[in-house]
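Novice: Submitted below is the structure of interest, expressed as structure tokens.
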Amino acid sequence: MTAQGHFLSFEGIDGSGKSTQARLLADHLRATGHDVVLTREPGGSPGAEEIRALVLQGDPDRWSAETELLLFTAARRDHMERLIAPSLAAGKIVICDRFADSTRMYQGLSRGDLRGTVDALHDLMIGREPDLTILIDMDPAQGLARAKGRQGAEERFEDFGTDLQAAMRTGFLSLAKEFASRFHVIDGARAVEDVAADVTATVTDYLAS
Ligand code: ADP
Ligand code: TYD
């Protein structure tokens, strides 16, 4: 898939402020004249949103680890085919709230070591990484408290608790080292506007490079 646009992703534990920062970044870029597509995973296309309900609602033991990985990957493939790839080909900036790094963490780590399978499936079915990934890093207890403040049916992974969120934080920080050229780590345990200022500066630098 040839891409002329820019593909940006936000990653981090639940409640770290990804959605808030993705929205603020989209507002900022639109105000400065960019054509922006703000989207999220799992979801982002009608079919992928249907899969989102299958993986995030209902009994947490509904799917085996492998089936769950296939469902997340199927959702991503549809999202890529129908929204991300066409938007990039049209020269737009795509901002995605979570992408394949979340699968490397959640499906790759949380139910045994499936990281090799996650990467193999990604290579086979997706084959594209973001150009820039912003990791909003923060203390898991704080993130969980924020996430729990939201009401809703999508509690699947938030219910894993503080220990798993701590492992996810460590995992995300090692992913940032593994993919150092595209990852930027930003401290999320600050006021919304201070985090947003760092996000804007990082993306502005990237777009100017
Ligand atoms: P995520 O998408 O990473 O789960 P959200 O952006 O949805 O996180 O934020 C989770 C909750 O925390 C929301 O209620 C949001 O309003 C709040 N929040 C986000 N960023 C901050 C911040 N820097 N300080 C305090 N609260 C925040
Ligand atoms: P999201 O709505 O971003 O949750 P939050 O706002 O709490 O961060 O994502 C929903 C959940 O889906 C989240 O707990 C992480 C999980 N997830 C995976 O397990 N694998 C994936 O590939 C993705 C994209 C998300």
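In the structure tokens, the first chain shown is A, the next is B, and so on; residue numbers restart at 1 for each chain, and ligands run from 1 in the order shown.
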Using DSSP on the backbone coordinates, identify the residues of region 77-204 of chain A assigned to strand (DSSP E or B); present them as JSON, numbers by chain.

Specialist: {"A": [93, 94, 95, 96, 97, 110, 112, 132, 133, 134, 135, 136, 137, 183, 184, 185, 186, 187]}

Novice: List all protein, DNA and RNA residues that have an atom no more than 10 Å from any atom of ligand 2, counting only C-alpha atoms and all ligand atoms, and report them as JSON, numbers by chain.

Specialist: {"A": [10, 11, 12, 13, 14, 15, 16, 17, 18, 19, 20, 40, 41, 42, 43, 52, 55, 56, 68, 69, 70, 71, 72, 73, 75, 76, 96, 97, 98, 99, 100, 101, 102, 103, 104, 105, 106, 107, 108, 109, 110, 118, 143, 144, 146, 147, 148, 150, 154, 155, 156, 157, 158, 159, 160, 165]}

Novice: Hey, could you make a per-residue contact list for region 39-147 of chain A against region 193-196 of chain A with 12 Å as the cut-off, showing the nearest pair of atoms and its distance in Å to one decimal, counting only C-alpha atoms, sorted by chain and number, as a tab-separated table?

Specialist:
```
residue	atom	partner	partner_atom	distance
A:Ile134	CA	A:Val195	CA	11.1
A:Leu135	CA	A:Val195	CA	11.2
A:Ile136	CA	A:Val195	CA	8.6
A:Asp137	CA	A:Val195	CA	10.4
A:Met138	CA	A:Val195	CA	11.3
```

Novice: Using only C-alpha atoms and all ligand atoms, which of A:Gly58, A:Gly33, A:Pro46, A:Gly188 sits nearest ligand 1?

Specialist: A:Gly188

Novice: As a PyMOL selection string, list the residues of region 116-184 of chain A assigned to alpha helix (DSSP H) by DSSP on the backbone atoms of this structure.

Specialist: chain A and resi 116-125+140-148+162-178

Novice: Mind dumping the selected residues with N, CA and C atoms as an mmCIF file, in the first residue's frame?

Specialist:
```
data_model
loop_
_atom_site.group_PDB
_atom_site.id
_atom_site.type_symbol
_atom_site.label_atom_id
_atom_site.label_comp_id
_atom_site.auth_asym_id
_atom_site.auth_seq_id
_atom_site.Cartn_x
_atom_site.Cartn_y
_atom_site.Cartn_z
ATOM 1 N N GLY A 116 5.176 -13.636 19.197
ATOM 2 C CA GLY A 116 5.633 -14.121 17.886
ATOM 3 C C GLY A 116 4.454 -14.299 16.929
ATOM 4 N N THR A 117 3.360 -14.845 17.448
ATOM 5 C CA THR A 117 2.162 -15.042 16.623
ATOM 6 C C THR A 117 1.567 -13.695 16.219
ATOM 7 N N VAL A 118 1.539 -12.755 17.162
ATOM 8 C CA VAL A 118 1.017 -11.409 16.858
ATOM 9 C C VAL A 118 1.814 -10.794 15.715
ATOM 10 N N ASP A 119 3.139 -10.863 15.799
ATOM 11 C CA ASP A 119 3.984 -10.244 14.768
ATOM 12 C C ASP A 119 3.838 -10.954 13.421
ATOM 13 N N ALA A 120 3.739 -12.286 13.447
ATOM 14 C CA ALA A 120 3.600 -13.038 12.193
ATOM 15 C C ALA A 120 2.287 -12.668 11.501
ATOM 16 N N LEU A 121 1.216 -12.595 12.291
ATOM 17 C CA LEU A 121 -0.094 -12.251 11.734
ATOM 18 C C LEU A 121 -0.106 -10.807 11.229
ATOM 19 N N HIS A 122 0.566 -9.941 11.955
ATOM 20 C CA HIS A 122 0.649 -8.535 11.529
ATOM 21 C C HIS A 122 1.357 -8.444 10.171
ATOM 22 N N ASP A 123 2.481 -9.136 10.043
ATOM 23 C CA ASP A 123 3.229 -9.103 8.778
ATOM 24 C C ASP A 123 2.367 -9.627 7.634
ATOM 25 N N LEU A 124 1.615 -10.684 7.923
ATOM 26 C CA LEU A 124 0.812 -11.327 6.883
ATOM 27 C C LEU A 124 -0.410 -10.496 6.490
ATOM 28 N N MET A 125 -1.063 -9.899 7.454
ATOM 29 C CA MET A 125 -2.379 -9.306 7.198
ATOM 30 C C MET A 125 -2.426 -7.781 7.232
ATOM 31 N N PRO A 140 0.198 3.187 36.442
ATOM 32 C CA PRO A 140 -1.016 2.406 36.187
ATOM 33 C C PRO A 140 -2.150 2.674 37.165
ATOM 34 N N ALA A 141 -1.830 2.903 38.443
ATOM 35 C CA ALA A 141 -2.900 3.137 39.425
ATOM 36 C C ALA A 141 -3.671 4.400 39.044
ATOM 37 N N GLN A 142 -2.928 5.398 38.607
ATOM 38 C CA GLN A 142 -3.560 6.661 38.200
ATOM 39 C C GLN A 142 -4.404 6.471 36.934
ATOM 40 N N GLY A 143 -3.858 5.712 35.983
ATOM 41 C CA GLY A 143 -4.572 5.460 34.733
ATOM 42 C C GLY A 143 -5.853 4.679 34.980
ATOM 43 N N LEU A 144 -5.746 3.678 35.862
ATOM 44 C CA LEU A 144 -6.901 2.828 36.156
ATOM 45 C C LEU A 144 -7.987 3.631 36.859
ATOM 46 N N ALA A 145 -7.574 4.511 37.775
ATOM 47 C CA ALA A 145 -8.542 5.349 38.475
ATOM 48 C C ALA A 145 -9.273 6.236 37.472
ATOM 49 N N ARG A 146 -8.546 6.777 36.512
ATOM 50 C CA ARG A 146 -9.182 7.607 35.480
ATOM 51 C C ARG A 146 -10.131 6.767 34.634
ATOM 52 N N ALA A 147 -9.648 5.585 34.211
ATOM 53 C CA ALA A 147 -10.463 4.732 33.333
ATOM 54 C C ALA A 147 -11.731 4.275 34.056
ATOM 55 N N LYS A 148 -11.610 3.966 35.326
ATOM 56 C CA LYS A 148 -12.769 3.486 36.092
ATOM 57 C C LYS A 148 -13.796 4.591 36.293
ATOM 58 N N THR A 162 -4.445 -3.659 38.498
ATOM 59 C CA THR A 162 -3.217 -2.866 38.525
ATOM 60 C C THR A 162 -1.963 -3.651 38.127
ATOM 61 N N ASP A 163 -1.894 -4.934 38.514
ATOM 62 C CA ASP A 163 -0.677 -5.706 38.200
ATOM 63 C C ASP A 163 -0.474 -5.819 36.689
ATOM 64 N N LEU A 164 -1.558 -6.164 36.000
ATOM 65 C CA LEU A 164 -1.430 -6.306 34.552
ATOM 66 C C LEU A 164 -1.165 -4.956 33.893
ATOM 67 N N GLN A 165 -1.817 -3.919 34.398
ATOM 68 C CA GLN A 165 -1.575 -2.580 33.828
ATOM 69 C C GLN A 165 -0.105 -2.192 34.037
ATOM 70 N N ALA A 166 0.472 -2.611 35.173
ATOM 71 C CA ALA A 166 1.893 -2.311 35.419
ATOM 72 C C ALA A 166 2.771 -3.051 34.408
ATOM 73 N N ALA A 167 2.418 -4.314 34.136
ATOM 74 C CA ALA A 167 3.177 -5.085 33.131
ATOM 75 C C ALA A 167 3.032 -4.442 31.751
ATOM 76 N N MET A 168 1.824 -3.922 31.471
ATOM 77 C CA MET A 168 1.592 -3.255 30.182
ATOM 78 C C MET A 168 2.456 -1.999 30.065
ATOM 79 N N ARG A 169 2.532 -1.252 31.166
ATOM 80 C CA ARG A 169 3.346 -0.028 31.119
ATOM 81 C C ARG A 169 4.804 -0.372 30.790
ATOM 82 N N THR A 170 5.343 -1.374 31.510
ATOM 83 C CA THR A 170 6.718 -1.797 31.260
ATOM 84 C C THR A 170 6.863 -2.272 29.818
ATOM 85 N N GLY A 171 5.864 -3.047 29.364
ATOM 86 C CA GLY A 171 5.899 -3.575 27.998
ATOM 87 C C GLY A 171 5.896 -2.467 26.956
ATOM 88 N N PHE A 172 5.051 -1.465 27.159
ATOM 89 C CA PHE A 172 5.002 -0.341 26.209
ATOM 90 C C PHE A 172 6.345 0.396 26.188
ATOM 91 N N LEU A 173 6.954 0.560 27.372
ATOM 92 C CA LEU A 173 8.250 1.265 27.401
ATOM 93 C C LEU A 173 9.322 0.440 26.677
ATOM 94 N N SER A 174 9.253 -0.907 26.766
ATOM 95 C CA SER A 174 10.241 -1.672 25.982
ATOM 96 C C SER A 174 9.929 -1.652 24.491
ATOM 97 N N LEU A 175 8.648 -1.602 24.134
ATOM 98 C CA LEU A 175 8.317 -1.450 22.699
ATOM 99 C C LEU A 175 8.888 -0.139 22.157
ATOM 100 N N ALA A 176 8.828 0.909 22.994
ATOM 101 C CA ALA A 176 9.352 2.220 22.574
ATOM 102 C C ALA A 176 10.844 2.117 22.266
ATOM 103 N N LYS A 177 11.549 1.243 23.010
ATOM 104 C CA LYS A 177 12.986 1.043 22.721
ATOM 105 C C LYS A 177 13.162 0.196 21.469
ATOM 106 N N GLU A 178 12.299 -0.817 21.333
ATOM 107 C CA GLU A 178 12.397 -1.727 20.182
ATOM 108 C C GLU A 178 12.142 -0.977 18.868
#
```

Novice: Just the residues within 9 Å of region 198-208 of chain A, please, counting only C-alpha atoms, with nothing from its chain fewer than 4 positions along; format it as number ranges by chain.

Specialist: A: 6, 8, 21, 24-25, 28-29, 132, 134, 184, 186-187, 193-194

Novice: Mind writing the picked residues with C-alpha atoms as a PDB file, in the first residue's frame?

Specialist:
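Once written, result-v3.pdb looks like this:
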```pdb
ATOM      1  CA  HIS A   6       1.041  10.597   7.591  1.00  0.00           C
ATOM      2  CA  LEU A   8       0.144   8.759  13.633  1.00  0.00           C
ATOM      3  CA  GLN A  21      -4.797  13.890  23.398  1.00  0.00           C
ATOM      4  CA  LEU A  24      -6.777  17.774  20.882  1.00  0.00           C
ATOM      5  CA  LEU A  25      -4.109  16.968  18.296  1.00  0.00           C
ATOM      6  CA  HIS A  28      -4.862  21.594  16.439  1.00  0.00           C
ATOM      7  CA  LEU A  29      -3.884  20.116  13.077  1.00  0.00           C
ATOM      8  CA  LEU A 132       4.974   8.179  14.409  1.00  0.00           C
ATOM      9  CA  ILE A 134       3.124   8.705  20.766  1.00  0.00           C
ATOM     10  CA  HIS A 184       8.058   9.189  21.320  1.00  0.00           C
ATOM     11  CA  ILE A 186       5.432  11.624  26.731  1.00  0.00           C
ATOM     12  CA  ASP A 187       4.735  11.891  30.471  1.00  0.00           C
ATOM     13  CA  GLU A 193      -2.718  21.149  28.331  1.00  0.00           C
ATOM     14  CA  ASP A 194       0.897  20.404  29.354  1.00  0.00           C
TER      15      ASP A 194
END
```

Novice: May I ask which of the residues A:Ala53, A:Val36, A:Ala22, A:Ile84 is the closest one to ligand 1, counting only C-alpha atoms and all ligand atoms?

Specialist: A:Ala22

Novice: Nearest residue to ligand 1 out of A:Gln4, A:His34, A:Ala65, A:Arg23, using only C-alpha atoms and all ligand atoms?

Specialist: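 The closest residue to ligand 1 is A:Arg23.
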
Novice: Considering only C-alpha atoms and all ligand atoms, can you say which of A:Ala48, A:Ile95, A:Val192, A:Ala89 comes closest to ligand 1?

Specialist: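 Once distances to ligand 1 are computed over only C-alpha atoms and all ligand atoms, the minimum belongs to A:Val192.
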
Novice: Suppose you want the space between CA of Asp113 (chain A) and CA of Met80 (chain A); what is it in Å?

Specialist: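 Computed distance, CA of Asp113 (chain A) to CA of Met80 (chain A), equals 25.6 Å.
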